[in-house]
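Asker: I'm passing along target-v3.csv; it holds CSV, C-alpha atoms and all ligand atoms.
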```csv
chain,number,residue,atom,x,y,z
A,1,MET,CA,81.9,28.1,122.2
A,2,ASN,CA,79.3,26.2,124.2
A,3,ARG,CA,79.4,25.9,127.9
A,4,PRO,CA,80.2,22.2,128.3
A,5,TYR,CA,83.0,22.6,125.9
A,6,SER,CA,84.4,25.6,127.9
A,7,LEU,CA,84.2,23.4,131.0
A,8,LEU,CA,86.1,20.7,129.1
A,9,LEU,CA,88.9,23.1,128.2
A,10,LEU,CA,88.9,24.5,131.7
A,11,SER,CA,89.3,21.0,133.0
A,12,ILE,CA,92.1,20.2,130.7
A,13,ALA,CA,93.8,23.5,131.7
A,14,LEU,CA,93.3,22.6,135.4
A,15,GLY,CA,94.6,19.1,134.8
A,16,SER,CA,97.7,20.5,133.1
A,17,ALA,CA,98.3,22.9,136.0
A,18,ILE,CA,98.0,20.0,138.5
A,19,ILE,CA,100.6,17.9,136.8
A,20,GLY,CA,102.8,21.0,136.1
A,21,CYS,CA,103.4,21.7,139.8
A,22,SER,CA,103.9,18.2,141.2
A,23,ASP,CA,107.3,16.8,141.7
A,24,GLU,CA,108.2,13.2,140.9
A,25,ALA,CA,107.6,11.8,144.3
A,26,LYS,CA,104.3,13.4,144.7
A,27,HIS,CA,103.3,12.1,141.3
A,28,LYS,CA,104.4,8.6,142.1
A,29,ALA,CA,102.4,8.6,145.4
A,30,MET,CA,99.4,9.9,143.5
A,31,GLN,CA,99.9,7.2,140.9
A,32,GLU,CA,100.0,4.5,143.5
A,33,LYS,CA,96.9,5.8,145.3
A,34,TYR,CA,95.2,6.0,142.0
A,35,ASN,CA,96.2,2.5,141.0
A,36,ALA,CA,95.0,1.1,144.3
A,37,LEU,CA,91.7,2.9,143.9
A,38,GLN,CA,91.3,1.7,140.3
A,39,THR,CA,92.0,-1.9,141.3
A,40,GLY,CA,89.4,-1.7,144.0
A,41,LYS,CA,86.9,-0.2,141.8
A,42,ALA,CA,87.6,-2.5,139.0
A,43,LYS,CA,86.7,-5.5,141.2
A,44,HIS,CA,83.3,-4.1,141.7
A,45,ASN,CA,82.5,-2.3,138.6
A,46,ALA,CA,84.3,-4.0,135.7
A,47,ILE,CA,82.1,-5.5,133.0
A,48,SER,CA,83.3,-8.5,131.0
A,49,THR,CA,83.7,-8.4,127.2
A,50,GLU,CA,80.9,-10.9,126.9
A,51,GLU,CA,78.5,-8.6,128.8
A,52,MET,CA,79.6,-5.6,126.8
A,53,THR,CA,78.8,-7.4,123.5
A,54,ALA,CA,75.4,-8.6,124.6
A,55,HIS,CA,72.5,-8.2,122.2
A,56,SER,CA,70.5,-6.8,125.0
A,57,ASP,CA,67.1,-7.6,123.4
A,58,ALA,CA,65.4,-5.7,126.2
A,59,GLU,CA,66.4,-2.6,124.4
A,60,MET,CA,64.5,-3.7,121.3
A,61,HIS,CA,61.3,-3.1,123.2
A,62,HIS,CA,62.4,0.3,124.4
A,63,ALA,CA,61.8,2.2,121.2
A,64,MET,CA,59.1,4.8,121.6
A,65,PRO,CA,56.1,4.8,119.3
A,66,VAL,CA,55.9,7.1,116.4
A,67,GLU,CA,54.1,10.2,117.5
A,68,SER,CA,53.8,13.8,116.5
A,69,ALA,CA,56.8,16.0,117.2
A,70,GLY,CA,54.5,17.9,119.5
A,71,ALA,CA,54.2,15.0,121.9
A,72,HIS,CA,57.9,15.1,122.6
A,73,LYS,CA,59.4,18.2,124.1
A,74,ILE,CA,62.5,19.3,122.2
A,75,ASP,CA,65.3,19.3,124.7
A,76,THR,CA,67.8,21.3,122.7
A,77,ALA,CA,67.5,23.7,119.8
A,78,GLU,CA,70.8,22.5,118.4
A,79,ILE,CA,72.1,18.9,118.5
A,80,GLY,CA,74.9,19.4,115.9
A,81,ARG,CA,78.4,20.4,117.0
A,82,ASN,CA,79.9,23.2,115.0
A,83,ALA,CA,82.8,22.1,112.7
A,84,ASP,CA,85.1,24.7,114.3
A,85,ASP,CA,84.4,23.5,117.8
A,86,LEU,CA,87.7,21.9,118.6
A,87,PRO,CA,90.7,22.8,120.8
A,88,PRO,CA,93.6,24.7,119.1
A,89,PRO,CA,96.8,23.0,118.2
A,90,LEU,CA,99.0,22.1,121.2
A,91,ASN,CA,102.1,24.1,121.7
A,92,ARG,CA,104.1,22.2,124.2
A,93,THR,CA,107.2,20.1,124.3
A,94,GLN,CA,106.4,18.1,127.4
A,95,ALA,CA,104.0,15.3,128.0
A,96,GLN,CA,101.4,16.0,130.7
A,97,LEU,CA,98.2,14.8,132.3
A,98,VAL,CA,95.2,15.8,130.3
A,99,ARG,CA,91.9,15.6,132.1
A,100,VAL,CA,88.7,15.2,130.0
A,101,ASP,CA,85.2,15.6,131.5
A,102,LEU,CA,82.4,13.9,129.7
A,103,TYR,CA,78.8,13.3,130.5
A,104,THR,CA,76.1,11.4,128.8
A,105,ASP,CA,72.9,13.1,127.9
A,106,GLU,CA,69.7,11.8,126.1
A,107,LEU,CA,68.1,14.6,124.3
A,108,VAL,CA,65.2,15.0,121.9
A,109,ALA,CA,66.1,17.3,119.0
A,110,GLU,CA,65.2,18.0,115.4
A,111,ILE,CA,67.1,15.8,112.9
A,112,MET,CA,65.5,18.1,110.3
A,113,PRO,CA,62.7,20.6,110.6
A,114,GLU,CA,59.5,19.0,112.1
A,115,VAL,CA,61.3,15.6,112.5
A,116,THR,CA,62.5,14.8,116.0
A,117,TYR,CA,64.7,12.0,117.3
A,118,GLN,CA,65.9,11.1,120.7
A,119,TYR,CA,69.7,11.4,120.5
A,120,TRP,CA,72.1,9.8,123.0
A,121,THR,CA,75.1,12.1,123.3
A,122,TYR,CA,78.4,13.0,124.9
A,123,ASN,CA,78.1,16.5,126.4
A,124,GLY,CA,74.8,17.2,124.6
A,125,LYS,CA,76.1,17.4,121.0
A,126,VAL,CA,76.7,15.1,118.1
A,127,PRO,CA,79.6,14.4,117.7
A,128,GLY,CA,81.0,14.4,121.3
A,129,PRO,CA,83.8,16.8,122.2
A,130,PHE,CA,87.0,16.7,120.2
A,131,ILE,CA,89.7,15.5,122.6
A,132,ARG,CA,93.2,16.8,121.9
A,133,ALA,CA,96.4,15.4,123.4
A,134,ARG,CA,100.0,14.6,122.6
A,135,ALA,CA,102.0,11.4,122.3
A,136,ASP,CA,103.1,10.2,125.8
A,137,ASP,CA,100.4,12.3,127.6
A,138,MET,CA,98.5,10.6,130.3
A,139,ILE,CA,94.8,11.1,129.5
A,140,GLU,CA,92.3,10.9,132.3
A,141,ILE,CA,88.7,10.4,131.2
A,142,HIS,CA,85.9,11.3,133.6
A,143,LEU,CA,82.5,10.1,132.5
A,144,SER,CA,79.3,10.9,134.3
A,145,HIS,CA,75.9,9.5,133.5
A,146,GLY,CA,73.8,12.6,133.0
A,147,LYS,CA,74.7,16.2,133.1
A,148,PRO,CA,76.5,17.0,136.4
A,149,GLY,CA,74.3,18.9,138.7
A,150,VAL,CA,71.1,18.0,136.9
A,151,ALA,CA,68.9,15.4,138.6
A,152,HIS,CA,68.0,12.7,136.2
A,153,GLN,CA,64.3,12.7,135.6
A,154,GLY,CA,64.0,10.2,132.7
A,155,HIS,CA,62.8,11.5,129.4
A,156,ASP,CA,59.3,12.2,128.3
A,157,ALA,CA,57.9,8.7,127.8
A,158,HIS,CA,59.8,7.0,130.7
A,159,THR,CA,60.4,7.2,134.3
A,160,SER,CA,64.0,6.6,135.3
A,161,ALA,CA,63.0,3.1,136.6
A,162,GLU,CA,61.4,2.2,133.3
A,163,HIS,CA,64.4,3.5,131.6
A,164,ALA,CA,66.7,1.3,133.6
A,165,ALA,CA,64.4,-1.7,133.2
A,166,ALA,CA,64.6,-1.3,129.5
A,167,GLY,CA,68.2,-2.3,129.7
A,168,HIS,CA,70.0,0.7,128.5
A,169,SER,CA,70.7,2.6,131.7
A,170,ALA,CA,74.5,2.3,131.4
A,171,HIS,CA,76.7,4.3,129.0
A,172,SER,CA,80.4,4.1,128.6
A,173,ILE,CA,83.4,5.0,126.4
A,174,ASP,CA,85.8,3.0,124.2
A,175,LEU,CA,88.5,5.1,122.7
A,176,HIS,CA,90.4,3.7,119.8
A,177,ALA,CA,93.6,5.5,121.0
A,178,VAL,CA,93.7,3.3,124.1
A,179,VAL,CA,95.9,0.2,124.1
A,180,GLY,CA,94.1,-2.2,126.4
A,181,PRO,CA,91.0,-4.4,126.6
A,182,GLY,CA,87.8,-2.8,125.4
A,183,GLY,CA,89.5,0.6,124.9
A,184,GLY,CA,88.6,1.5,128.4
A,185,ALA,CA,84.9,0.4,128.2
A,186,PRO,CA,85.1,-2.4,130.6
A,187,LEU,CA,86.2,0.1,133.3
A,188,MET,CA,83.9,2.8,132.3
A,189,GLN,CA,80.3,1.5,132.4
A,190,VAL,CA,78.3,4.2,134.2
A,191,GLY,CA,74.8,3.7,135.4
A,192,GLN,CA,72.5,6.5,136.3
A,193,GLY,CA,74.0,9.0,138.8
A,194,GLU,CA,77.4,7.4,138.5
A,195,GLU,CA,80.7,8.8,137.5
A,196,LYS,CA,83.8,6.8,136.7
A,197,SER,CA,87.3,7.6,135.5
A,198,PHE,CA,90.3,5.9,134.0
A,199,ARG,CA,93.7,6.9,132.8
A,200,PHE,CA,95.6,5.7,129.8
A,201,LYS,CA,98.9,6.6,128.2
A,202,ALA,CA,98.7,8.0,124.6
A,203,THR,CA,101.2,5.6,123.1
A,204,HIS,CA,100.3,6.0,119.5
A,205,PRO,CA,99.9,9.3,117.7
A,206,GLY,CA,96.9,9.4,115.3
A,207,ILE,CA,93.4,10.6,114.8
A,208,TYR,CA,90.9,8.2,116.4
A,209,VAL,CA,87.2,7.6,117.0
A,210,TYR,CA,85.7,7.1,120.4
A,211,HIS,CA,82.2,5.7,121.1
A,212,CYS,CA,79.9,4.3,123.7
A,213,ALA,CA,80.3,0.5,124.2
A,214,SER,CA,77.3,-0.4,126.4
A,215,PRO,CA,74.8,-3.0,125.3
A,216,HIS,CA,73.3,-3.0,122.8
A,217,VAL,CA,76.5,-1.2,121.5
A,218,PRO,CA,75.3,-0.6,117.9
A,219,SER,CA,72.2,1.2,119.2
A,220,HIS,CA,74.1,3.5,121.4
A,221,ILE,CA,76.4,4.4,118.5
A,222,ALA,CA,73.5,4.8,116.1
A,223,ASN,CA,71.9,7.2,118.5
A,224,GLY,CA,74.9,9.6,118.3
A,225,MET,CA,77.4,8.5,121.0
A,226,TYR,CA,80.7,9.0,119.2
A,227,GLY,CA,83.4,11.6,118.9
A,228,MET,CA,87.1,11.9,118.0
A,229,ILE,CA,90.4,12.0,119.8
A,230,LEU,CA,93.6,13.4,118.3
A,231,VAL,CA,97.0,12.3,119.7
A,232,GLU,CA,99.5,14.7,118.2
A,233,PRO,CA,103.0,13.5,117.5
A,234,GLU,CA,105.6,14.8,119.9
A,235,GLU,CA,106.7,17.4,117.4
A,236,GLY,CA,103.1,18.6,116.9
A,237,LEU,CA,101.4,19.1,113.5
A,238,ALA,CA,102.3,21.5,110.8
A,239,LYS,CA,100.8,24.9,111.1
A,240,VAL,CA,97.6,25.5,109.2
A,241,ASP,CA,95.1,28.4,109.2
A,242,ARG,CA,91.9,26.5,109.9
A,243,GLU,CA,90.9,23.2,111.4
A,244,PHE,CA,87.5,21.6,111.2
A,245,TYR,CA,85.9,18.6,113.0
A,246,VAL,CA,83.4,16.6,110.9
A,247,MET,CA,81.8,13.2,111.6
A,248,GLN,CA,79.6,11.2,109.4
A,249,GLY,CA,77.0,9.1,111.0
A,250,GLU,CA,73.8,7.3,109.8
A,251,PHE,CA,70.5,7.2,111.6
A,252,TYR,CA,67.8,4.5,111.5
A,253,THR,CA,64.4,6.0,112.0
A,254,ARG,CA,61.1,4.2,111.9
A,255,GLY,CA,59.7,6.6,109.4
A,256,LYS,CA,61.3,7.3,106.0
A,257,PHE,CA,63.6,10.2,105.5
A,258,GLY,CA,61.7,13.4,106.0
A,259,GLU,CA,58.6,11.8,107.6
A,260,LYS,CA,57.4,14.3,110.1
A,261,GLY,CA,56.9,13.8,113.8
A,262,PHE,CA,58.9,11.9,116.5
A,263,GLN,CA,60.9,9.1,115.0
A,264,ALA,CA,62.1,6.3,117.2
A,265,LEU,CA,65.1,4.1,116.4
A,266,SER,CA,64.3,1.2,114.2
A,267,LYS,CA,66.3,-1.7,115.4
A,268,ASP,CA,65.1,-3.7,112.4
A,269,LYS,CA,66.7,-1.1,110.0
A,270,LEU,CA,69.8,-1.0,112.1
A,271,LEU,CA,70.3,-4.7,111.9
A,272,ALA,CA,69.5,-4.7,108.2
A,273,GLU,CA,72.0,-1.9,107.7
A,274,HIS,CA,69.3,0.2,106.1
A,275,PRO,CA,69.6,3.8,107.5
A,276,GLU,CA,67.2,6.6,106.5
A,277,TYR,CA,69.7,9.4,107.2
A,278,PHE,CA,73.4,9.9,106.5
A,279,LEU,CA,74.5,13.0,108.3
A,280,PHE,CA,77.5,15.2,109.0
A,281,ASN,CA,77.6,16.4,112.7
A,282,GLY,CA,74.2,15.1,113.8
A,283,ARG,CA,71.4,16.6,111.7
A,284,VAL,CA,70.4,17.6,108.2
A,285,ASN,CA,72.2,20.8,107.3
A,286,SER,CA,74.1,20.9,110.5
A,287,LEU,CA,77.1,22.4,108.7
A,288,SER,CA,75.3,24.6,106.1
A,289,GLY,CA,74.3,28.2,105.9
A,290,GLU,CA,75.2,30.1,109.0
A,291,ARG,CA,77.0,27.0,110.3
A,292,ALA,CA,79.0,26.3,107.1
A,293,LEU,CA,82.8,25.8,107.3
A,294,LYS,CA,84.4,29.1,106.4
A,295,ALA,CA,87.9,30.0,105.1
A,296,LYS,CA,89.7,32.4,102.8
A,297,VAL,CA,91.4,32.0,99.5
A,298,GLY,CA,94.9,30.7,100.1
A,299,GLU,CA,94.4,29.5,103.6
A,300,LYS,CA,95.7,26.1,104.6
A,301,ILE,CA,92.7,24.1,105.8
A,302,ARG,CA,92.9,20.9,107.9
A,303,LEU,CA,89.9,18.6,108.2
A,304,PHE,CA,89.5,15.8,110.7
A,305,VAL,CA,86.8,13.6,109.3
A,306,GLY,CA,85.6,10.4,110.9
A,307,VAL,CA,82.8,7.9,110.7
A,308,GLY,CA,81.3,7.4,114.1
A,309,SER,CA,78.7,4.8,113.2
A,310,HIS,CA,78.5,1.7,111.1
A,311,ILE,CA,78.7,2.5,107.3
A,312,ALA,CA,82.0,3.6,105.6
A,313,SER,CA,82.0,6.9,103.9
A,314,ASN,CA,83.3,7.8,100.4
A,315,PHE,CA,84.3,11.2,101.5
A,316,HIS,CA,84.8,13.9,98.8
A,317,ILE,CA,84.7,17.7,98.6
A,318,ILE,CA,83.1,18.8,95.3
A,319,GLY,CA,85.6,21.2,93.6
A,320,ALA,CA,88.6,20.4,95.8
A,321,VAL,CA,91.6,18.1,95.6
A,322,PHE,CA,93.1,16.9,98.9
A,323,ASP,CA,96.7,18.2,98.8
A,324,LYS,CA,97.5,15.7,101.6
A,325,LEU,CA,95.5,12.8,102.9
A,326,TYR,CA,96.5,10.9,106.0
A,327,GLN,CA,94.5,7.7,105.6
A,328,ASP,CA,93.1,5.6,108.4
A,329,GLY,CA,94.1,8.0,111.1
A,330,ALA,CA,97.8,7.4,110.4
A,331,ILE,CA,99.0,11.0,110.8
A,332,THR,CA,102.7,10.0,111.2
A,333,ASN,CA,102.9,8.3,107.9
A,334,PRO,CA,103.8,10.2,104.7
A,335,PRO,CA,100.5,11.5,103.3
A,336,LEU,CA,99.0,10.6,99.9
A,337,LYS,CA,99.1,13.6,97.7
A,338,ASN,CA,96.4,14.9,95.2
A,339,VAL,CA,93.5,12.7,96.2
A,340,GLN,CA,89.9,13.2,95.0
A,341,THR,CA,87.9,10.9,97.3
A,342,THR,CA,88.8,8.7,100.3
A,343,THR,CA,87.2,5.8,102.0
A,344,ILE,CA,86.7,6.3,105.7
A,345,SER,CA,86.0,3.0,107.4
A,346,ALA,CA,83.4,2.7,110.1
A,347,GLY,CA,85.1,3.5,113.4
A,348,SER,CA,88.0,5.3,111.6
A,349,ALA,CA,89.1,8.8,110.8
A,350,VAL,CA,91.3,10.7,108.4
A,351,MET,CA,93.2,13.9,108.3
A,352,ILE,CA,93.0,16.0,105.1
A,353,GLU,CA,94.9,19.2,104.2
A,354,PHE,CA,94.4,21.4,101.3
A,355,THR,CA,94.3,25.0,100.2
A,356,ALA,CA,91.3,26.4,98.3
A,357,GLN,CA,92.5,28.8,95.6
A,358,VAL,CA,89.1,29.8,94.1
A,359,PRO,CA,86.4,31.5,96.1
A,360,GLY,CA,82.9,30.1,96.3
A,361,LYS,CA,80.9,27.3,97.8
A,362,TYR,CA,82.2,23.8,98.1
A,363,LEU,CA,80.2,20.8,99.2
A,364,LEU,CA,81.4,18.1,101.5
A,365,VAL,CA,79.7,14.8,100.4
A,366,ASP,CA,79.7,11.1,100.6
A,367,HIS,CA,80.2,10.3,96.9
A,368,ASN,CA,77.7,7.5,97.2
A,369,LEU,CA,75.6,10.5,96.2
A,370,THR,CA,72.1,9.4,97.1
A,371,ARG,CA,73.3,9.7,100.7
A,372,SER,CA,74.1,13.3,100.1
A,373,ILE,CA,71.4,14.4,97.7
A,374,ASP,CA,68.6,12.4,99.2
A,375,LYS,CA,69.6,11.4,102.7
A,376,GLY,CA,71.4,14.4,104.2
A,377,ALA,CA,75.2,13.9,103.9
A,378,LEU,CA,75.9,17.4,102.8
A,379,ALA,CA,78.0,20.2,104.3
A,380,GLU,CA,79.1,23.5,102.9
A,381,LEU,CA,82.6,25.1,102.9
A,382,ILE,CA,82.6,28.7,101.9
A,383,ILE,CA,85.8,30.2,100.6
A,384,GLU,CA,86.0,34.0,100.6
A,385,GLY,CA,88.4,36.3,98.8
A,386,ALA,CA,89.6,37.3,95.4
A,387,GLY,CA,89.6,34.7,92.6
A,388,GLN,CA,92.3,34.0,90.2
A,389,PRO,CA,90.9,33.9,86.6
A,390,GLU,CA,93.8,31.8,85.4
A,391,LEU,CA,92.6,29.0,87.7
A,392,TYR,CA,88.8,29.1,87.0
A,393,GLN,CA,86.7,31.1,84.6
A,394,GLN,CA,83.9,30.8,82.1
A,395,VAL,CA,84.7,31.5,78.5
A,396,GLY,CA,82.8,32.1,75.4
A,397,LEU,CA,80.2,34.6,76.7
B,1,CU,CU,75.7,4.7,125.6
```
Would you write the structure of this file as structure tokens?
Ligand SMILES: [Cu+2]
Answerer:
Amino acid sequence: MNRPYSLLLLSIALGSAIIGCSDEAKHKAMQEKYNALQTGKAKHNAISTEEMTAHSDAEMHHAMPVESAGAHKIDTAEIGRNADDLPPPLNRTQAQLVRVDLYTDELVAEIMPEVTYQYWTYNGKVPGPFIRARADDMIEIHLSHGKPGVAHQGHDAHTSAEHAAAGHSAHSIDLHAVVGPGGGAPLMQVGQGEEKSFRFKATHPGIYVYHCASPHVPSHIANGMYGMILVEPEEGLAKVDREFYVMQGEFYTRGKFGEKGFQALSKDKLLAEHPEYFLFNGRVNSLSGERALKAKVGEKIRLFVGVGSHIASNFHIIGAVFDKLYQDGAITNPPLKNVQTTTISAGSAVMIEFTAQVPGKYLLVDHNLTRSIDKGALAELIIEGAGQPELYQQVGL
């Protein structure tokens, strides 16, 4: 488990402890104080929907020139979040306050060997942390611009001032689980060195996407600023043996797929909806080899799969049938059974459950297969254990 994520869990635990020991009057007073504070802050800091949806042409001029990878220091050896990096199922019968600490971080990392890209992230990974809460919980999101405790120095090609002048100094968060204007984003625009917070009640159980919503919004998302939030129903979810967190996102680099060196965002390709990369969890082979999803024969597997960026996925697992599919994030609806492939809309997520009966390697793909074979949308699921010849065997040898 990486450190930021440990901190997130710790924060959630602390938040839970705080609410656990407060009586009703204390909580009410806290709530009033908080509301007053928020109202005051909102007056000064809120951003209008019009501002949020600005084209922000300034950012078009921000893209860095194509240079060799060597000219850009790699900030992190691993940009991709592990598929098993998510909190365990909740085991409580009471709603509570769930505190979530997020920070934004702009990091140069390899999108594939010898190809670098400047990602914009939540907590240093793509996708951002998996947030887990329960219906009726109050969720308090804290978002700071930049890693707490680390002075912002701007990235390689920019000073902080140039960075701000380029028009993308703010980041934010819009959570699809929020019922309210902008999903929280109007209250949560954070400039450099700032931290903001807001609370919302998790009124609707489901599996949802969250993303940055600062201008130019599609660029922020295309650079990797998305994640998922699960709001479990009050009764919780059925017990399974493994859970995995996978997000598909496409990347729009100036150079073609595989072209070596530093690759800046191509806003032309973004506007033309012409990505070079389709990826699971942030980079080519992020979830393969050592980092493949792993389970055993007969285990119940649950996948949370979302599309963070702009192009819908035709999600399929080669060699598996989804025993249960909860489409469009609707986890409280009866599932579809025995499904081969599902569409996951942009800005949406699904929950899939199945049991693998035959050992071996299974591939997670977008069944628009050039995206998987030629553009990166490929992940591996390794099933270990004893096979059952009556299910799968070669004959005639
Ligand atoms: Cu952003």
Asker: May I have a table of the residues of chain A lying at most 8 Å from ligand CU 1 (chain B), giving each one's closest pair of atoms and their distance in Å to one decimal, counting only C-alpha atoms and all ligand atoms, ordered by chain and ascending residue number, as a Markdown table?
Answerer:
```
| residue | atom | partner | partner_atom | distance |
| --- | --- | --- | --- | --- |
| A:Thr104 | CA | B:CU1 | CU | 7.4 |
| A:Trp120 | CA | B:CU1 | CU | 6.8 |
| A:Thr121 | CA | B:CU1 | CU | 7.8 |
| A:His168 | CA | B:CU1 | CU | 7.5 |
| A:Ala170 | CA | B:CU1 | CU | 6.4 |
| A:His171 | CA | B:CU1 | CU | 3.6 |
| A:Ser172 | CA | B:CU1 | CU | 5.6 |
| A:Ile173 | CA | B:CU1 | CU | 7.7 |
| A:His211 | CA | B:CU1 | CU | 8.0 |
| A:Cys212 | CA | B:CU1 | CU | 4.6 |
| A:Ala213 | CA | B:CU1 | CU | 6.4 |
| A:Ser214 | CA | B:CU1 | CU | 5.4 |
| A:Pro215 | CA | B:CU1 | CU | 7.8 |
| A:Val217 | CA | B:CU1 | CU | 7.2 |
| A:His220 | CA | B:CU1 | CU | 4.7 |
| A:Ile221 | CA | B:CU1 | CU | 7.1 |
| A:Met225 | CA | B:CU1 | CU | 6.2 |
```
Asker: Distance atom CA of A:Lys300-atom CA of A:Val209, one decimal place?
Answerer: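 For atom CA of A:Lys300 relative to atom CA of A:Val209, the distance reads 23.8 Å.
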Asker: Rank nothing, just name the residue among A:Tyr122, A:Phe200, A:Phe304, A:Phe280 nearest to A:Phe251, using only C-alpha atoms.
Answerer: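 Under the stated criterion, the closest residue is A:Phe280.
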Asker: Just want the 8 Å neighbourhood of A:His316, counted on all atoms listed in the file, with same-chain residues fewer than 4 positions away dropped. Output as a PDB file with C-alpha atoms, in the coordinates of the input.
Answerer:
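Contents of out_12.pdb, freshly written:
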```
ATOM      1  CA  GLN A 340      89.900  13.200  95.000  1.00  0.00           C
ATOM      2  CA  THR A 341      87.900  10.900  97.300  1.00  0.00           C
ATOM      3  CA  THR A 342      88.800   8.700 100.300  1.00  0.00           C
ATOM      4  CA  LEU A 364      81.400  18.100 101.500  1.00  0.00           C
ATOM      5  CA  VAL A 365      79.700  14.800 100.400  1.00  0.00           C
ATOM      6  CA  ASP A 366      79.700  11.100 100.600  1.00  0.00           C
ATOM      7  CA  HIS A 367      80.200  10.300  96.900  1.00  0.00           C
TER       8      HIS A 367
END
```
Asker: Kindly indicate which residue among A:Leu187, A:Ile74, A:Val350, A:Met138 lies nearest to A:Gln248, using all atoms listed in the file for the distances.
Answerer: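 Counting all atoms listed in the file, the residue closest to A:Gln248 is A:Val350.
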Asker: With all atoms listed in the file as the counted atoms, please give the residues lying no more than 12 Å from stretch 273-279 of chain A, apart from itself and same-chain residues fewer than 6 positions off, as a PDB file with C-alpha atoms, keeping the file's coordinate frame.
Answerer:
```pdb
ATOM      1  CA  GLY A  80      74.900  19.400 115.900  1.00  0.00           C
ATOM      2  CA  ILE A 111      67.100  15.800 112.900  1.00  0.00           C
ATOM      3  CA  MET A 112      65.500  18.100 110.300  1.00  0.00           C
ATOM      4  CA  VAL A 115      61.300  15.600 112.500  1.00  0.00           C
ATOM      5  CA  TYR A 117      64.700  12.000 117.300  1.00  0.00           C
ATOM      6  CA  VAL A 126      76.700  15.100 118.100  1.00  0.00           C
ATOM      7  CA  PRO A 127      79.600  14.400 117.700  1.00  0.00           C
ATOM      8  CA  PRO A 218      75.300  -0.600 117.900  1.00  0.00           C
ATOM      9  CA  SER A 219      72.200   1.200 119.200  1.00  0.00           C
ATOM     10  CA  ALA A 222      73.500   4.800 116.100  1.00  0.00           C
ATOM     11  CA  ASN A 223      71.900   7.200 118.500  1.00  0.00           C
ATOM     12  CA  GLY A 224      74.900   9.600 118.300  1.00  0.00           C
ATOM     13  CA  VAL A 246      83.400  16.600 110.900  1.00  0.00           C
ATOM     14  CA  MET A 247      81.800  13.200 111.600  1.00  0.00           C
ATOM     15  CA  GLN A 248      79.600  11.200 109.400  1.00  0.00           C
ATOM     16  CA  GLY A 249      77.000   9.100 111.000  1.00  0.00           C
ATOM     17  CA  GLU A 250      73.800   7.300 109.800  1.00  0.00           C
ATOM     18  CA  PHE A 251      70.500   7.200 111.600  1.00  0.00           C
ATOM     19  CA  TYR A 252      67.800   4.500 111.500  1.00  0.00           C
ATOM     20  CA  THR A 253      64.400   6.000 112.000  1.00  0.00           C
ATOM     21  CA  ARG A 254      61.100   4.200 111.900  1.00  0.00           C
ATOM     22  CA  GLY A 255      59.700   6.600 109.400  1.00  0.00           C
ATOM     23  CA  LYS A 256      61.300   7.300 106.000  1.00  0.00           C
ATOM     24  CA  PHE A 257      63.600  10.200 105.500  1.00  0.00           C
ATOM     25  CA  GLY A 258      61.700  13.400 106.000  1.00  0.00           C
ATOM     26  CA  GLU A 259      58.600  11.800 107.600  1.00  0.00           C
ATOM     27  CA  GLN A 263      60.900   9.100 115.000  1.00  0.00           C
ATOM     28  CA  ALA A 264      62.100   6.300 117.200  1.00  0.00           C
ATOM     29  CA  LEU A 265      65.100   4.100 116.400  1.00  0.00           C
ATOM     30  CA  SER A 266      64.300   1.200 114.200  1.00  0.00           C
ATOM     31  CA  LYS A 267      66.300  -1.700 115.400  1.00  0.00           C
ATOM     32  CA  ASN A 285      72.200  20.800 107.300  1.00  0.00           C
ATOM     33  CA  SER A 286      74.100  20.900 110.500  1.00  0.00           C
ATOM     34  CA  LEU A 287      77.100  22.400 108.700  1.00  0.00           C
ATOM     35  CA  SER A 288      75.300  24.600 106.100  1.00  0.00           C
ATOM     36  CA  GLY A 306      85.600  10.400 110.900  1.00  0.00           C
ATOM     37  CA  VAL A 307      82.800   7.900 110.700  1.00  0.00           C
ATOM     38  CA  GLY A 308      81.300   7.400 114.100  1.00  0.00           C
ATOM     39  CA  SER A 309      78.700   4.800 113.200  1.00  0.00           C
ATOM     40  CA  HIS A 310      78.500   1.700 111.100  1.00  0.00           C
ATOM     41  CA  ILE A 311      78.700   2.500 107.300  1.00  0.00           C
ATOM     42  CA  ALA A 312      82.000   3.600 105.600  1.00  0.00           C
ATOM     43  CA  SER A 313      82.000   6.900 103.900  1.00  0.00           C
ATOM     44  CA  ASN A 314      83.300   7.800 100.400  1.00  0.00           C
ATOM     45  CA  LEU A 364      81.400  18.100 101.500  1.00  0.00           C
ATOM     46  CA  VAL A 365      79.700  14.800 100.400  1.00  0.00           C
ATOM     47  CA  ASP A 366      79.700  11.100 100.600  1.00  0.00           C
ATOM     48  CA  HIS A 367      80.200  10.300  96.900  1.00  0.00           C
ATOM     49  CA  ASN A 368      77.700   7.500  97.200  1.00  0.00           C
ATOM     50  CA  LEU A 369      75.600  10.500  96.200  1.00  0.00           C
ATOM     51  CA  THR A 370      72.100   9.400  97.100  1.00  0.00           C
ATOM     52  CA  ARG A 371      73.300   9.700 100.700  1.00  0.00           C
ATOM     53  CA  SER A 372      74.100  13.300 100.100  1.00  0.00           C
ATOM     54  CA  ILE A 373      71.400  14.400  97.700  1.00  0.00           C
ATOM     55  CA  ASP A 374      68.600  12.400  99.200  1.00  0.00           C
ATOM     56  CA  LYS A 375      69.600  11.400 102.700  1.00  0.00           C
ATOM     57  CA  GLY A 376      71.400  14.400 104.200  1.00  0.00           C
ATOM     58  CA  ALA A 377      75.200  13.900 103.900  1.00  0.00           C
ATOM     59  CA  LEU A 378      75.900  17.400 102.800  1.00  0.00           C
ATOM     60  CA  ALA A 379      78.000  20.200 104.300  1.00  0.00           C
TER      61      ALA A 379
END
```
